[in-house]
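Take a look at the structure below.
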2 protein chains.
Amino acid sequence: MAAPAPIDRSSEADTRRRIILAMVALLQQQGYESASIKRIAAAAQASPSSVYHFFPGGKQELAIEAMHHGARGFSELLTKGLSSSADPAEATAACALLLADDLKQSHWSDGCPVAVTALETIGRVPGLQEAATRALTGWRDLVTAKLTESGIALDTARSLAGTVVSTLEGAELLSRVTADDTPLRDAAVHLAQLVGAAPRN
Amino acid sequence: MAAPAPIDRSSEADTRRRIILAMVALLQQQGYESASIKRIAAAAQASPSSVYHFFPGGKQELAIEAMHHGARGFSELLTKGLSSSADPAEATAACALLLADDLKQSHWSDGCPVAVTALETIGRVPGLQEAATRALTGWRDLVTAKLTESGIALDTARSLAGTVVSTLEGAELLSRVTADDTPLRDAAVHLAQLVGAAPRN
């Protein structure tokens, strides 16, 4: 083992960031179960001991941090879509289309940073389930805000926004499995219809 | 090791069935990656060697068989929902509500037998991706048939049916993660609206 190098804070932050980004990609592409510390370290070009240095709680602590990071990434995509039009129906459709473009560009590999891990660990790893719940609720709240802004009543908006997130998640699954963005493009059309038909104040 | 018992075909079929059902449950609850042969055998009250006896291709061969078996189970739920009403909007809503009831009854553990495995292995295990594609396409075709029967044009029906499957998958994810069937109950309402608004011949 090499002698410890002098502490370089900028390089420390950089290594920590690389580890989180590597974990986000693994969670998106294959989920939590197959992501070993060795694999994470290799993907981050870091040593396994540096993974434990930054995340003493190991894989679970890192996964929670990676889910938060990944969730913010998807929030940014939603914000971009939702702000692309004053019309909430068009704006909702834009979210599905942005997601279709992103997925296609990653050759169907970079999926939801939360879905696989949540499904793998439901009822078994409360910390991960909490992180997933926070992510899904945060995304729903972003859509709810757009819908209420356009005059849709809060209860209707919240319920519709839940279905928007459900449909985006499911259409992403179908698009990735079939390597075809038709499910997300169809979802764009149907979500726009639903939002367009919602009663306004 | 005990001396080999005389071959008993009925008991052989029973053991094979127990192994498949145990794998279906593992795929629904935790996915493919965490399902080791040892764990599968224990859950099936069988020996690891009997898993290899029935599935010489090991975990992957068994997973494909389990995905087909689980997919048939979900096809039965869809068929029950779709045949519960002549009105395609009500029938589609019934599918979401049946799924909500089933999930709640299993304490949110028995999810989609295809989704987790597909997401864990996209682009890496073609056999599993094919099995998942076949399952998702089969479910979409069941919904498409109901919609065309009620006079919706084939192209519209197929696209709507894709969104029905997407939304059911996503709402199931949200319901399981949050241990709350609201996403599926909301999906029932919204899918009925979409199907009800589709133009008929």
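Every chain in the structure tokens takes a letter, A first, then B, and so on in the order presented; its residues are numbered from 1, and the ligands are numbered from 1 following the presented order.
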
Worksheet entry | Polymer residues at most 7 Å from Gln193 of chain A, only C-alpha atoms, same-chain spacing of 4 or more positions, as a list in words |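 Listing them by chain and then by number gives Ala89, Val189 and Ala197 of chain A.
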
Would you give me, as a Markdown table, each residue of chain A having an atom within 7 Å of an atom of chain B, along with its shortest atom pair and that distance in Å to one decimal, using only C-alpha atoms and sorting by chain and residue number?
```
| residue | atom | partner | partner_atom | distance |
| --- | --- | --- | --- | --- |
| A:Gln29 | CA | B:Glu120 | CA | 6.8 |
| A:Gln30 | CA | B:Glu120 | CA | 4.2 |
| A:Gly31 | CA | B:Glu120 | CA | 5.7 |
| A:Glu33 | CA | B:Glu33 | CA | 5.9 |
| A:Ser34 | CA | B:Glu33 | CA | 6.0 |
| A:Val116 | CA | B:Val116 | CA | 6.0 |
| A:Ala118 | CA | B:Val177 | CA | 6.5 |
| A:Leu119 | CA | B:Val116 | CA | 6.2 |
| A:Glu120 | CA | B:Gln30 | CA | 4.2 |
| A:Thr121 | CA | B:Gln30 | CA | 6.1 |
| A:Ile122 | CA | B:Val177 | CA | 6.4 |
| A:Gln129 | CA | B:Val177 | CA | 6.3 |
| A:Thr133 | CA | B:Thr178 | CA | 6.0 |
| A:Ser159 | CA | B:Asp186 | CA | 6.1 |
| A:Gly162 | CA | B:Pro183 | CA | 6.2 |
| A:Thr163 | CA | B:Ala187 | CA | 5.8 |
| A:Ser166 | CA | B:Gly170 | CA | 4.0 |
| A:Thr167 | CA | B:Thr167 | CA | 4.3 |
| A:Glu169 | CA | B:Gly170 | CA | 5.0 |
| A:Gly170 | CA | B:Gly170 | CA | 4.0 |
| A:Ala171 | CA | B:Ser166 | CA | 4.7 |
| A:Leu174 | CA | B:Ser166 | CA | 6.6 |
| A:Val177 | CA | B:Gln129 | CA | 6.3 |
| A:Thr178 | CA | B:Thr133 | CA | 6.0 |
| A:Pro183 | CA | B:Gly162 | CA | 6.2 |
| A:Asp186 | CA | B:Ser159 | CA | 6.1 |
| A:Ala187 | CA | B:Thr163 | CA | 5.8 |
| A:Leu194 | CA | B:Leu194 | CA | 6.8 |
```

Item to complete: Report as a PyMOL selection string: the residues of segment 65-183 of chain A with a DSSP assignment of alpha helix (DSSP H), based on the backbone of this structure.
Response: chain A and resi 65-82+88-105+115-121+126-149+154-178+182-183

Discussion item. Report, in Å with one decimal, the straight-line distance from atom CA of Ser106 of chain A to atom CA of Asp180 of chain A.
Written reply: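 For atom CA of Ser106 of chain A relative to atom CA of Asp180 of chain A, the distance reads 12.4 Å.
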
Would you mind listing what lies within 8 Å of Glu65 of chain A as a short mmCIF file (atom, residue, chain, number, x, y, z; two decimals) with N, CA and C atoms, in the first residue's frame, with only C-alpha atoms counted and same-chain residues fewer than 4 positions away left out?
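File written: out_15.cif
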```
data_model
loop_
_atom_site.label_atom_id
_atom_site.label_comp_id
_atom_site.auth_asym_id
_atom_site.auth_seq_id
_atom_site.Cartn_x
_atom_site.Cartn_y
_atom_site.Cartn_z
N ILE A 20 -20.01 9.12 -6.39
CA ILE A 20 -21.48 9.28 -6.42
C ILE A 20 -22.00 9.11 -7.86
N GLU A 61 -25.36 3.65 2.35
CA GLU A 61 -25.22 5.10 2.53
C GLU A 61 -24.95 5.77 1.18
N HIS A 69 -28.95 12.41 -5.57
CA HIS A 69 -28.29 13.08 -6.69
C HIS A 69 -29.04 12.81 -8.00
#
```

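Distances from B:Lys38, B:Val24, B:Lys104, B:Asp141 to Leu82 of chain B were compared using only C-alpha atoms, and the smallest one belongs to B:Asp141.
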
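Atom to atom, atom CA of Gln60 of chain B and atom CA of Ile19 of chain B stand 13.2 Å apart.
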
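When atom CA of Ile64 of chain A is paired with atom CA of Pro113 of chain B, their separation reads 25.0 Å.
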
Discussion item. Taking 6 positions as the minimum chain separation for residues in the same chain, which residues sit within 9 Å of Arg18 of chain B when counting only C-alpha atoms? Answer as a list in words.
Written reply: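 Within the cut-off, the hits are Ala43, Ala44, Gln45 and Ala46 of chain B.
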
Those residues with C-alpha atoms, as a PDB file, in the first residue's frame please?
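Wrote it out as again11.pdb, contents follow:
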```pdb
ATOM      1  CA  ALA B  43     -37.531 -20.902  -0.792  1.00  0.00           C
ATOM      2  CA  ALA B  44     -38.739 -23.888  -2.843  1.00  0.00           C
ATOM      3  CA  GLN B  45     -37.849 -26.422  -0.108  1.00  0.00           C
ATOM      4  CA  ALA B  46     -35.685 -28.163  -2.670  1.00  0.00           C
TER       5      ALA B  46
END
```
